[in-house]
$ cat run_0.pdb   # PDB, C-alpha atoms
MODEL        1
ATOM      1  CA  MET A 204       7.780  59.321 -46.983  1.00  0.00           C
ATOM      2  CA  THR A 205      10.454  56.682 -46.850  1.00  0.00           C
ATOM      3  CA  GLY A 206      13.983  58.013 -46.569  1.00  0.00           C
ATOM      4  CA  THR A 207      13.096  61.529 -45.396  1.00  0.00           C
ATOM      5  CA  HIS A 208      13.502  62.670 -41.797  1.00  0.00           C
ATOM      6  CA  MET A 209      12.738  66.115 -40.405  1.00  0.00           C
ATOM      7  CA  ILE A 210      14.432  67.496 -37.299  1.00  0.00           C
ATOM      8  CA  VAL A 211      12.333  69.909 -35.232  1.00  0.00           C
ATOM      9  CA  LEU A 212      14.137  72.785 -33.508  1.00  0.00           C
ATOM     10  CA  PRO A 213      11.959  74.649 -30.985  1.00  0.00           C
ATOM     11  CA  GLY A 214      12.513  78.319 -30.244  1.00  0.00           C
ATOM     12  CA  GLY A 215      13.197  80.025 -26.950  1.00  0.00           C
ATOM     13  CA  GLY A 216      15.833  82.675 -27.593  1.00  0.00           C
ATOM     14  CA  TYR A 217      18.697  80.176 -27.155  1.00  0.00           C
ATOM     15  CA  ALA A 218      17.731  80.239 -23.451  1.00  0.00           C
ATOM     16  CA  GLU A 219      15.016  77.562 -23.378  1.00  0.00           C
ATOM     17  CA  HIS A 220      13.110  75.142 -25.615  1.00  0.00           C
ATOM     18  CA  ALA A 221       9.470  76.137 -26.182  1.00  0.00           C
ATOM     19  CA  ALA A 222       7.366  73.028 -25.565  1.00  0.00           C
ATOM     20  CA  HIS A 223       4.599  73.947 -28.034  1.00  0.00           C
ATOM     21  CA  GLU A 224       7.201  74.118 -30.831  1.00  0.00           C
ATOM     22  CA  ALA A 225       8.553  70.634 -30.105  1.00  0.00           C
ATOM     23  CA  GLU A 226       6.500  67.397 -29.840  1.00  0.00           C
ATOM     24  CA  PRO A 227       3.272  68.969 -31.188  1.00  0.00           C
ATOM     25  CA  VAL A 228       5.158  69.753 -34.399  1.00  0.00           C
ATOM     26  CA  VAL A 229       6.455  66.171 -34.599  1.00  0.00           C
ATOM     27  CA  ASP A 230       2.858  64.953 -34.196  1.00  0.00           C
ATOM     28  CA  TRP A 231       1.680  67.243 -36.996  1.00  0.00           C
ATOM     29  CA  LEU A 232       4.449  66.032 -39.292  1.00  0.00           C
ATOM     30  CA  GLY A 233       3.479  62.450 -38.492  1.00  0.00           C
ATOM     31  CA  ASP A 234      -0.095  63.273 -39.471  1.00  0.00           C
ATOM     32  CA  ILE A 235       1.158  64.339 -42.916  1.00  0.00           C
ATOM     33  CA  ASP A 236       3.306  61.195 -43.240  1.00  0.00           C
ATOM     34  CA  VAL A 237       6.680  62.764 -42.503  1.00  0.00           C
ATOM     35  CA  ARG A 238       9.043  61.129 -40.033  1.00  0.00           C
ATOM     36  CA  ALA A 239      10.346  63.608 -37.494  1.00  0.00           C
ATOM     37  CA  SER A 240      12.021  64.060 -34.132  1.00  0.00           C
ATOM     38  CA  VAL A 241      12.790  66.941 -31.775  1.00  0.00           C
ATOM     39  CA  PHE A 242      16.399  67.959 -31.256  1.00  0.00           C
ATOM     40  CA  ARG A 243      17.045  69.918 -28.104  1.00  0.00           C
ATOM     41  CA  TYR A 244      20.213  71.780 -28.978  1.00  0.00           C
ATOM     42  CA  PRO A 245      22.537  73.185 -26.280  1.00  0.00           C
ATOM     43  CA  LEU A 246      21.168  76.251 -24.497  1.00  0.00           C
ATOM     44  CA  ARG A 247      23.029  79.321 -23.251  1.00  0.00           C
ATOM     45  CA  ALA A 248      25.970  78.146 -25.337  1.00  0.00           C
ATOM     46  CA  ARG A 249      28.257  80.151 -27.586  1.00  0.00           C
ATOM     47  CA  HIS A 250      28.456  79.674 -31.323  1.00  0.00           C
ATOM     48  CA  PRO A 251      29.360  77.231 -32.832  1.00  0.00           C
ATOM     49  CA  GLU A 252      28.372  74.765 -30.073  1.00  0.00           C
ATOM     50  CA  PRO A 253      24.647  74.567 -31.018  1.00  0.00           C
ATOM     51  CA  LEU A 254      25.526  74.281 -34.721  1.00  0.00           C
ATOM     52  CA  ASN A 255      28.073  71.543 -34.098  1.00  0.00           C
ATOM     53  CA  ALA A 256      25.567  69.636 -31.964  1.00  0.00           C
ATOM     54  CA  LEU A 257      22.922  69.852 -34.699  1.00  0.00           C
ATOM     55  CA  ARG A 258      25.384  68.727 -37.348  1.00  0.00           C
ATOM     56  CA  ALA A 259      26.202  65.703 -35.190  1.00  0.00           C
ATOM     57  CA  GLU A 260      22.473  64.919 -34.969  1.00  0.00           C
ATOM     58  CA  ILE A 261      22.167  65.167 -38.754  1.00  0.00           C
ATOM     59  CA  ARG A 262      25.068  62.714 -39.109  1.00  0.00           C
ATOM     60  CA  ARG A 263      23.363  60.373 -36.664  1.00  0.00           C
ATOM     61  CA  ARG A 264      20.082  60.468 -38.569  1.00  0.00           C
ATOM     62  CA  ARG A 265      21.843  59.806 -41.873  1.00  0.00           C
ATOM     63  CA  ALA A 266      23.753  56.899 -40.331  1.00  0.00           C
ATOM     64  CA  ALA A 267      20.389  55.516 -39.191  1.00  0.00           C
ATOM     65  CA  GLY A 268      19.152  55.487 -42.782  1.00  0.00           C
ATOM     66  CA  ALA A 269      17.754  58.933 -43.569  1.00  0.00           C
ATOM     67  CA  GLN A 270      18.438  59.766 -47.209  1.00  0.00           C
ATOM     68  CA  ARG A 271      17.034  63.304 -47.046  1.00  0.00           C
ATOM     69  CA  ILE A 272      17.166  65.612 -44.034  1.00  0.00           C
ATOM     70  CA  GLY A 273      14.799  68.513 -43.557  1.00  0.00           C
ATOM     71  CA  LEU A 274      14.899  70.996 -40.698  1.00  0.00           C
ATOM     72  CA  ILE A 275      11.961  72.883 -39.221  1.00  0.00           C
ATOM     73  CA  GLY A 276      12.797  75.590 -36.710  1.00  0.00           C
ATOM     74  CA  PHE A 277      11.030  78.386 -34.893  1.00  0.00           C
ATOM     75  CA  SER A 278      12.476  81.728 -33.744  1.00  0.00           C
ATOM     76  CA  ALA A 279      15.979  80.932 -32.387  1.00  0.00           C
ATOM     77  CA  GLY A 280      15.496  77.332 -33.536  1.00  0.00           C
ATOM     78  CA  GLY A 281      14.818  78.741 -36.983  1.00  0.00           C
ATOM     79  CA  HIS A 282      18.089  80.636 -36.840  1.00  0.00           C
ATOM     80  CA  LEU A 283      19.921  77.423 -35.973  1.00  0.00           C
ATOM     81  CA  ALA A 284      18.125  75.533 -38.739  1.00  0.00           C
ATOM     82  CA  GLY A 285      19.170  78.211 -41.210  1.00  0.00           C
ATOM     83  CA  LEU A 286      22.768  78.127 -40.016  1.00  0.00           C
ATOM     84  CA  ALA A 287      22.952  74.363 -40.483  1.00  0.00           C
ATOM     85  CA  ALA A 288      21.458  74.687 -43.956  1.00  0.00           C
ATOM     86  CA  LEU A 289      23.644  77.583 -45.068  1.00  0.00           C
ATOM     87  CA  ALA A 290      26.921  77.752 -43.126  1.00  0.00           C
ATOM     88  CA  PRO A 291      29.943  76.567 -45.134  1.00  0.00           C
ATOM     89  CA  GLY A 292      32.088  73.629 -44.160  1.00  0.00           C
ATOM     90  CA  ALA A 293      29.521  70.848 -43.740  1.00  0.00           C
ATOM     91  CA  PRO A 294      30.525  67.508 -45.297  1.00  0.00           C
ATOM     92  CA  PRO A 295      27.917  65.551 -47.298  1.00  0.00           C
ATOM     93  CA  ASP A 296      26.675  63.567 -44.286  1.00  0.00           C
ATOM     94  CA  GLU A 297      25.830  66.848 -42.502  1.00  0.00           C
ATOM     95  CA  ALA A 298      24.072  68.431 -45.470  1.00  0.00           C
ATOM     96  CA  VAL A 299      20.541  69.793 -45.159  1.00  0.00           C
ATOM     97  CA  ASP A 300      18.179  69.107 -48.074  1.00  0.00           C
ATOM     98  CA  PHE A 301      15.480  71.678 -47.208  1.00  0.00           C
ATOM     99  CA  ALA A 302      14.429  73.918 -44.332  1.00  0.00           C
ATOM    100  CA  VAL A 303      11.215  75.391 -42.910  1.00  0.00           C
ATOM    101  CA  LEU A 304      11.618  78.536 -40.778  1.00  0.00           C
ATOM    102  CA  GLY A 305       8.864  80.018 -38.634  1.00  0.00           C
ATOM    103  CA  TYR A 306       9.302  83.635 -37.432  1.00  0.00           C
ATOM    104  CA  ALA A 307      13.010  82.951 -37.395  1.00  0.00           C
ATOM    105  CA  ILE A 308      15.810  85.201 -36.270  1.00  0.00           C
ATOM    106  CA  THR A 309      17.744  85.465 -39.521  1.00  0.00           C
ATOM    107  CA  SER A 310      20.081  88.394 -38.897  1.00  0.00           C
ATOM    108  CA  MET A 311      22.578  88.965 -36.121  1.00  0.00           C
ATOM    109  CA  GLU A 312      23.400  92.371 -37.629  1.00  0.00           C
ATOM    110  CA  THR A 313      20.140  94.041 -36.598  1.00  0.00           C
ATOM    111  CA  GLU A 314      19.445  95.093 -33.013  1.00  0.00           C
ATOM    112  CA  THR A 315      16.237  93.091 -32.790  1.00  0.00           C
ATOM    113  CA  TYR A 316      15.941  90.293 -30.263  1.00  0.00           C
ATOM    114  CA  ARG A 317      19.259  91.237 -28.725  1.00  0.00           C
ATOM    115  CA  PRO A 318      19.076  88.686 -25.826  1.00  0.00           C
ATOM    116  CA  ALA A 319      19.420  85.733 -28.208  1.00  0.00           C
ATOM    117  CA  ARG A 320      22.362  87.378 -29.956  1.00  0.00           C
ATOM    118  CA  VAL A 321      24.132  88.067 -26.664  1.00  0.00           C
ATOM    119  CA  ILE A 322      23.707  84.437 -25.569  1.00  0.00           C
ATOM    120  CA  LEU A 323      24.967  83.038 -28.859  1.00  0.00           C
ATOM    121  CA  LEU A 324      27.699  85.532 -29.756  1.00  0.00           C
ATOM    122  CA  GLY A 325      28.515  87.428 -26.566  1.00  0.00           C
ATOM    123  CA  GLU A 326      28.067  91.038 -25.541  1.00  0.00           C
ATOM    124  CA  ASP A 327      30.881  92.393 -27.702  1.00  0.00           C
ATOM    125  CA  ALA A 328      30.597  90.279 -30.863  1.00  0.00           C
ATOM    126  CA  ASP A 329      32.557  91.897 -33.666  1.00  0.00           C
ATOM    127  CA  PRO A 330      30.934  92.763 -37.009  1.00  0.00           C
ATOM    128  CA  GLU A 331      32.553  89.819 -38.785  1.00  0.00           C
ATOM    129  CA  LEU A 332      31.092  87.296 -36.322  1.00  0.00           C
ATOM    130  CA  ARG A 333      27.668  88.929 -36.499  1.00  0.00           C
ATOM    131  CA  ARG A 334      27.726  88.816 -40.284  1.00  0.00           C
ATOM    132  CA  SER A 335      28.976  85.217 -40.448  1.00  0.00           C
ATOM    133  CA  THR A 336      26.011  84.105 -38.346  1.00  0.00           C
ATOM    134  CA  SER A 337      23.441  86.106 -40.343  1.00  0.00           C
ATOM    135  CA  LEU A 338      21.564  83.838 -42.714  1.00  0.00           C
ATOM    136  CA  ASP A 339      21.158  86.381 -45.507  1.00  0.00           C
ATOM    137  CA  SER A 340      24.947  86.702 -45.783  1.00  0.00           C
ATOM    138  CA  LEU A 341      25.393  82.922 -46.128  1.00  0.00           C
ATOM    139  CA  VAL A 342      23.072  82.226 -49.053  1.00  0.00           C
ATOM    140  CA  THR A 343      24.710  80.932 -52.242  1.00  0.00           C
ATOM    141  CA  PRO A 344      23.210  79.549 -55.469  1.00  0.00           C
ATOM    142  CA  GLN A 345      23.931  76.082 -54.054  1.00  0.00           C
ATOM    143  CA  SER A 346      21.809  76.629 -50.912  1.00  0.00           C
ATOM    144  CA  PRO A 347      18.906  74.214 -50.295  1.00  0.00           C
ATOM    145  CA  PRO A 348      15.241  75.235 -50.704  1.00  0.00           C
ATOM    146  CA  PHE A 349      13.560  77.250 -47.938  1.00  0.00           C
ATOM    147  CA  PHE A 350       9.993  77.736 -46.743  1.00  0.00           C
ATOM    148  CA  VAL A 351       9.796  80.903 -44.639  1.00  0.00           C
ATOM    149  CA  TRP A 352       6.782  82.226 -42.750  1.00  0.00           C
ATOM    150  CA  HIS A 353       6.332  85.163 -40.387  1.00  0.00           C
ATOM    151  CA  THR A 354       3.727  87.675 -39.216  1.00  0.00           C
ATOM    152  CA  ALA A 355       3.901  91.390 -39.906  1.00  0.00           C
ATOM    153  CA  GLU A 356       2.883  92.152 -36.304  1.00  0.00           C
ATOM    154  CA  ASP A 357       5.643  90.119 -34.620  1.00  0.00           C
ATOM    155  CA  PRO A 358       6.962  92.433 -31.875  1.00  0.00           C
ATOM    156  CA  TYR A 359      10.015  90.367 -30.936  1.00  0.00           C
ATOM    157  CA  VAL A 360      11.447  89.289 -34.288  1.00  0.00           C
ATOM    158  CA  PRO A 361      10.205  91.793 -36.882  1.00  0.00           C
ATOM    159  CA  ALA A 362       9.211  90.618 -40.338  1.00  0.00           C
ATOM    160  CA  GLU A 363      12.352  92.367 -41.601  1.00  0.00           C
ATOM    161  CA  HIS A 364      14.149  89.121 -40.745  1.00  0.00           C
ATOM    162  CA  ALA A 365      12.015  87.180 -43.218  1.00  0.00           C
ATOM    163  CA  TYR A 366      12.430  89.866 -45.873  1.00  0.00           C
ATOM    164  CA  ARG A 367      16.221  89.928 -45.504  1.00  0.00           C
ATOM    165  CA  LEU A 368      16.466  86.180 -46.023  1.00  0.00           C
ATOM    166  CA  ALA A 369      13.909  86.193 -48.836  1.00  0.00           C
ATOM    167  CA  ALA A 370      15.845  88.871 -50.718  1.00  0.00           C
ATOM    168  CA  ALA A 371      19.064  86.861 -50.422  1.00  0.00           C
ATOM    169  CA  LEU A 372      17.348  83.659 -51.587  1.00  0.00           C
ATOM    170  CA  ALA A 373      15.850  85.483 -54.560  1.00  0.00           C
ATOM    171  CA  ALA A 374      19.192  87.046 -55.471  1.00  0.00           C
ATOM    172  CA  GLY A 375      20.835  83.625 -55.327  1.00  0.00           C
ATOM    173  CA  GLN A 376      18.022  82.027 -57.347  1.00  0.00           C
ATOM    174  CA  VAL A 377      17.461  79.535 -54.532  1.00  0.00           C
ATOM    175  CA  PRO A 378      14.035  77.830 -54.590  1.00  0.00           C
ATOM    176  CA  HIS A 379      11.900  79.279 -51.803  1.00  0.00           C
ATOM    177  CA  ALA A 380       8.420  80.084 -50.566  1.00  0.00           C
ATOM    178  CA  VAL A 381       7.787  83.077 -48.310  1.00  0.00           C
ATOM    179  CA  HIS A 382       4.545  83.869 -46.468  1.00  0.00           C
ATOM    180  CA  VAL A 383       4.102  86.917 -44.243  1.00  0.00           C
ATOM    181  CA  PHE A 384       0.680  87.042 -42.599  1.00  0.00           C
ATOM    182  CA  ALA A 385      -0.812  90.378 -41.594  1.00  0.00           C
ATOM    183  CA  HIS A 386      -1.752  89.441 -38.041  1.00  0.00           C
ATOM    184  CA  GLY A 387      -0.365  87.345 -35.233  1.00  0.00           C
ATOM    185  CA  PRO A 388       2.093  87.538 -32.334  1.00  0.00           C
ATOM    186  CA  HIS A 389       5.481  85.879 -31.988  1.00  0.00           C
ATOM    187  CA  SER A 390       5.756  82.210 -30.998  1.00  0.00           C
ATOM    188  CA  LEU A 391       2.614  80.921 -32.728  1.00  0.00           C
ATOM    189  CA  GLY A 392       3.872  77.377 -33.228  1.00  0.00           C
ATOM    190  CA  LEU A 393       1.308  75.463 -35.271  1.00  0.00           C
ATOM    191  CA  ALA A 394      -0.894  78.594 -35.104  1.00  0.00           C
ATOM    192  CA  ARG A 395      -4.131  76.681 -34.647  1.00  0.00           C
ATOM    193  CA  ASN A 396      -7.093  79.038 -34.152  1.00  0.00           C
ATOM    194  CA  ALA A 397      -4.776  81.965 -34.926  1.00  0.00           C
ATOM    195  CA  GLY A 398      -6.677  83.430 -37.856  1.00  0.00           C
ATOM    196  CA  GLU A 399      -5.073  83.672 -41.272  1.00  0.00           C
ATOM    197  CA  ALA A 400      -1.686  82.487 -40.019  1.00  0.00           C
ATOM    198  CA  ALA A 401      -3.215  79.070 -39.251  1.00  0.00           C
ATOM    199  CA  ILE A 402      -2.955  78.268 -42.955  1.00  0.00           C
ATOM    200  CA  TRP A 403       0.831  78.054 -42.790  1.00  0.00           C
ATOM    201  CA  THR A 404       0.688  74.327 -42.005  1.00  0.00           C
ATOM    202  CA  THR A 405      -1.454  73.656 -45.072  1.00  0.00           C
ATOM    203  CA  LEU A 406       0.955  75.602 -47.263  1.00  0.00           C
ATOM    204  CA  ALA A 407       3.965  73.917 -45.681  1.00  0.00           C
ATOM    205  CA  LYS A 408       2.479  70.434 -46.096  1.00  0.00           C
ATOM    206  CA  ALA A 409       2.328  70.776 -49.862  1.00  0.00           C
ATOM    207  CA  TRP A 410       5.801  72.317 -49.994  1.00  0.00           C
ATOM    208  CA  ILE A 411       7.378  69.655 -47.743  1.00  0.00           C
ATOM    209  CA  HIS A 412       5.870  66.886 -49.870  1.00  0.00           C
ATOM    210  CA  GLU A 413       7.471  68.487 -52.937  1.00  0.00           C
ATOM    211  CA  GLN A 414      10.899  68.434 -51.250  1.00  0.00           C
ATOM    212  CA  ALA A 415      10.667  64.954 -49.808  1.00  0.00           C
TER     213      ALA A 415
ENDMDL
END
$ encode --input "run_0.pdb" --output "structure tokens"
Amino acid sequence: MTGTHMIVLPGGGYAEHAAHEAEPVVDWLGDIDVRASVFRYPLRARHPEPLNALRAEIRRRRAAGAQRIGLIGFSAGGHLAGLAALAPGAPPDEAVDFAVLGYAITSMETETYRPARVILLGEDADPELRRSTSLDSLVTPQSPPFFVWHTAEDPYVPAEHAYRLAAALAAGQVPHAVHVFAHGPHSLGLARNAGEAAIWTTLAKAWIHEQA
């Protein structure tokens, strides 16, 4: 799809970049005719350093000719993708046109997956900072479309994160697709041979083609 570029953001709790959520995802996107690249955002860095780095990468891709920018992120990478898509203050050349989030951390107000929150926000982050980095609190009617998928069994990032974001998107009348599969652990990546959750790539393919 000429003019569209997707940036892949692997998970890893803001402490590492999960390899199976990086180049294999770029290869899959290439197979469905979507140009893509991995962006390895700063690790063990405080907010807003990872967000600023991603916004700089979006600017770079637009300067190189991308007319539409999509983000696809997993776990902590999904949180960063959501922040870039939703956080206020981005000029037009840093805008995100659509986002795909896999088992993403969406809320910094819950106590789930505390290690990632501590890395990004610090041990004693105040309520205002936690809320301003929670995706559900950032949704507006002008937010870009989202594709969100999760598993109900995820022990590290509970499906509550997907439901929180989905409720905010619905309330804001933002176009979205949400899929929560009954079975599957955290960190599935492309979820090949993972039972029902393996269908997420088929669902996402059709949705991505609609956006691009």
$ closest_residue --input "run_0.pdb" --among "A:Ala307, A:Ala400, A:Ala369, A:Leu232" --to "A:Phe277" --atoms "all atoms listed in the file"
A:Ala307
$ axis_aligned_box --input "run_0.pdb" --around "stretch 284-287 of chain A" --padding-each-side "4 Å" --output "lines of an AutoDock Vina configuration file"
center_x = 20.5
center_y = 76.3
center_z = -40.0
size_x = 12.8
size_y = 11.8
size_z = 10.5
$ resolve_selection --input "run_0.pdb" --expression "the PyMOL selection byres ((chain A and resi 217) around 12)" --output "PyMOL selection string"
chain A and resi 212-216+218-221+243-250+252-254+277-283+308+316-324
$ closest_residue --input "run_0.pdb" --among "A:Ser390, A:Thr207, A:Ser240, A:Thr315" --to "A:Val360" --atoms "all atoms listed in the file"
A:Thr315
$ resolve_selection --input "run_0.pdb" --expression "the PyMOL selection byres ((chain A and resi 354) around 10)" --output "ChimeraX atom specification"
/A:305-306,352-353,355-358,360-362,365,382-389,391,399-400
$ atom_distance --input "run_0.pdb" --atom1 "atom CA of A:Ser340" --atom2 "atom CA of A:Arg263"
27.9 Å
$ residues_around --input "run_0.pdb" --residues "A:Ala409" --least-positions-apart "3" --cutoff "12 Å" --atoms "only C-alpha atoms" --output "ChimeraX atom specification"
/A:232,235-237,350,380,402-406,412-415
$ residues_around --input "run_0.pdb" --residues "A:Ala287" --least-positions-apart "5" --cutoff "12 Å" --atoms "only C-alpha atoms" --output "short mmCIF file (atom, residue, chain, number, x, y, z; two decimals) with C-alpha atoms, keeping the file's coordinate frame"
data_model
loop_
_atom_site.label_atom_id
_atom_site.label_comp_id
_atom_site.auth_asym_id
_atom_site.auth_seq_id
_atom_site.Cartn_x
_atom_site.Cartn_y
_atom_site.Cartn_z
CA ILE A 210 14.43 67.50 -37.30
CA LEU A 212 14.14 72.78 -33.51
CA HIS A 250 28.46 79.67 -31.32
CA PRO A 251 29.36 77.23 -32.83
CA GLU A 252 28.37 74.76 -30.07
CA PRO A 253 24.65 74.57 -31.02
CA LEU A 254 25.53 74.28 -34.72
CA ASN A 255 28.07 71.54 -34.10
CA ALA A 256 25.57 69.64 -31.96
CA LEU A 257 22.92 69.85 -34.70
CA ARG A 258 25.38 68.73 -37.35
CA ALA A 259 26.20 65.70 -35.19
CA GLU A 260 22.47 64.92 -34.97
CA ILE A 261 22.17 65.17 -38.75
CA ARG A 262 25.07 62.71 -39.11
CA ILE A 272 17.17 65.61 -44.03
CA GLY A 273 14.80 68.51 -43.56
CA LEU A 274 14.90 71.00 -40.70
CA ILE A 275 11.96 72.88 -39.22
CA GLY A 276 12.80 75.59 -36.71
CA GLY A 280 15.50 77.33 -33.54
CA GLY A 281 14.82 78.74 -36.98
CA HIS A 282 18.09 80.64 -36.84
CA GLY A 292 32.09 73.63 -44.16
CA ALA A 293 29.52 70.85 -43.74
CA PRO A 294 30.52 67.51 -45.30
CA GLU A 297 25.83 66.85 -42.50
CA ALA A 298 24.07 68.43 -45.47
CA VAL A 299 20.54 69.79 -45.16
CA ASP A 300 18.18 69.11 -48.07
CA PHE A 301 15.48 71.68 -47.21
CA ALA A 302 14.43 73.92 -44.33
CA THR A 336 26.01 84.10 -38.35
CA SER A 337 23.44 86.11 -40.34
CA LEU A 338 21.56 83.84 -42.71
CA LEU A 341 25.39 82.92 -46.13
CA VAL A 342 23.07 82.23 -49.05
CA SER A 346 21.81 76.63 -50.91
CA PRO A 347 18.91 74.21 -50.30
#
$ residues_around --input "run_0.pdb" --residues "A:Glu226" --least-positions-apart "3" --cutoff "8 Å" --atoms "all atoms listed in the file" --output "ChimeraX atom specification"
/A:222-223,229-230,240-241
$ atom_distance --input "run_0.pdb" --atom1 "atom CA of A:Gly375" --atom2 "atom CA of A:Gln345"
8.3 Å
$ atom_distance --input "run_0.pdb" --atom1 "atom CA of A:Gly268" --atom2 "atom CA of A:His379"
26.5 Å
$ residues_around --input "run_0.pdb" --residues "A:Pro344" --least-positions-apart "4" --cutoff "10 Å" --atoms "all atoms listed in the file" --output "PyMOL selection string"
chain A and resi 371-378
$ resolve_selection --input "run_0.pdb" --expression "the PyMOL selection byres ((chain A and resi 206) around 7)" --output "VMD selection string"
chain A and resid 204 to 205 207 to 208 268 to 271
$ closest_residue --input "run_0.pdb" --among "A:Pro348, A:Pro227, A:Gly392, A:Pro330" --to "A:Gly285" --atoms "only C-alpha atoms"
A:Pro348
$ closest_residue --input "run_0.pdb" --among "A:Asp296, A:Ala370, A:Asp329, A:Phe242" --to "A:Ala267" --atoms "all atoms listed in the file"
A:Asp296
$ decode --input "run_0.pdb" --residues "stretch 274-280 of chain A" --atoms "all heavy atoms" --output "PDB file, in the first residue's frame"
ATOM      1  N   LEU A 274       0.710   2.444  13.820  1.00  0.00           N
ATOM      2  CA  LEU A 274       1.567   1.863  14.852  1.00  0.00           C
ATOM      3  C   LEU A 274       1.007   0.499  15.233  1.00  0.00           C
ATOM      4  O   LEU A 274      -0.204   0.317  15.301  1.00  0.00           O
ATOM      5  CB  LEU A 274       1.608   2.753  16.094  1.00  0.00           C
ATOM      6  CG  LEU A 274       2.061   4.200  15.901  1.00  0.00           C
ATOM      7  CD1 LEU A 274       2.033   4.941  17.238  1.00  0.00           C
ATOM      8  CD2 LEU A 274       3.453   4.264  15.290  1.00  0.00           C
ATOM      9  N   ILE A 275       1.902  -0.455  15.486  1.00  0.00           N
ATOM     10  CA  ILE A 275       1.477  -1.744  16.014  1.00  0.00           C
ATOM     11  C   ILE A 275       2.394  -2.088  17.176  1.00  0.00           C
ATOM     12  O   ILE A 275       3.612  -2.191  17.011  1.00  0.00           O
ATOM     13  CB  ILE A 275       1.466  -2.843  14.920  1.00  0.00           C
ATOM     14  CG1 ILE A 275       1.058  -4.191  15.511  1.00  0.00           C
ATOM     15  CG2 ILE A 275       2.784  -2.935  14.192  1.00  0.00           C
ATOM     16  CD1 ILE A 275       0.711  -5.235  14.450  1.00  0.00           C
ATOM     17  N   GLY A 276       1.804  -2.193  18.370  1.00  0.00           N
ATOM     18  CA  GLY A 276       2.613  -2.392  19.566  1.00  0.00           C
ATOM     19  C   GLY A 276       2.061  -3.504  20.437  1.00  0.00           C
ATOM     20  O   GLY A 276       0.860  -3.789  20.431  1.00  0.00           O
ATOM     21  N   PHE A 277       2.965  -4.117  21.184  1.00  0.00           N
ATOM     22  CA  PHE A 277       2.626  -5.240  22.042  1.00  0.00           C
ATOM     23  C   PHE A 277       3.011  -4.921  23.481  1.00  0.00           C
ATOM     24  O   PHE A 277       4.107  -4.413  23.733  1.00  0.00           O
ATOM     25  CB  PHE A 277       3.355  -6.504  21.578  1.00  0.00           C
ATOM     26  CG  PHE A 277       3.041  -6.883  20.159  1.00  0.00           C
ATOM     27  CD1 PHE A 277       3.748  -6.312  19.096  1.00  0.00           C
ATOM     28  CD2 PHE A 277       2.024  -7.782  19.875  1.00  0.00           C
ATOM     29  CE1 PHE A 277       3.453  -6.638  17.783  1.00  0.00           C
ATOM     30  CE2 PHE A 277       1.721  -8.113  18.564  1.00  0.00           C
ATOM     31  CZ  PHE A 277       2.426  -7.543  17.514  1.00  0.00           C
ATOM     32  N   SER A 278       2.118  -5.218  24.423  1.00  0.00           N
ATOM     33  CA  SER A 278       2.399  -5.049  25.849  1.00  0.00           C
ATOM     34  C   SER A 278       2.860  -3.615  26.133  1.00  0.00           C
ATOM     35  O   SER A 278       2.140  -2.667  25.858  1.00  0.00           O
ATOM     36  CB  SER A 278       3.410  -6.095  26.315  1.00  0.00           C
ATOM     37  OG  SER A 278       3.466  -6.178  27.719  1.00  0.00           O
ATOM     38  N   ALA A 279       4.090  -3.422  26.639  1.00  0.00           N
ATOM     39  CA  ALA A 279       4.583  -2.061  26.871  1.00  0.00           C
ATOM     40  C   ALA A 279       4.704  -1.282  25.564  1.00  0.00           C
ATOM     41  O   ALA A 279       4.470  -0.066  25.528  1.00  0.00           O
ATOM     42  CB  ALA A 279       5.923  -2.097  27.595  1.00  0.00           C
ATOM     43  N   GLY A 280       5.065  -1.963  24.484  1.00  0.00           N
ATOM     44  CA  GLY A 280       5.104  -1.305  23.174  1.00  0.00           C
ATOM     45  C   GLY A 280       3.726  -0.854  22.735  1.00  0.00           C
ATOM     46  O   GLY A 280       3.581   0.157  22.041  1.00  0.00           O
TER      47      GLY A 280
END
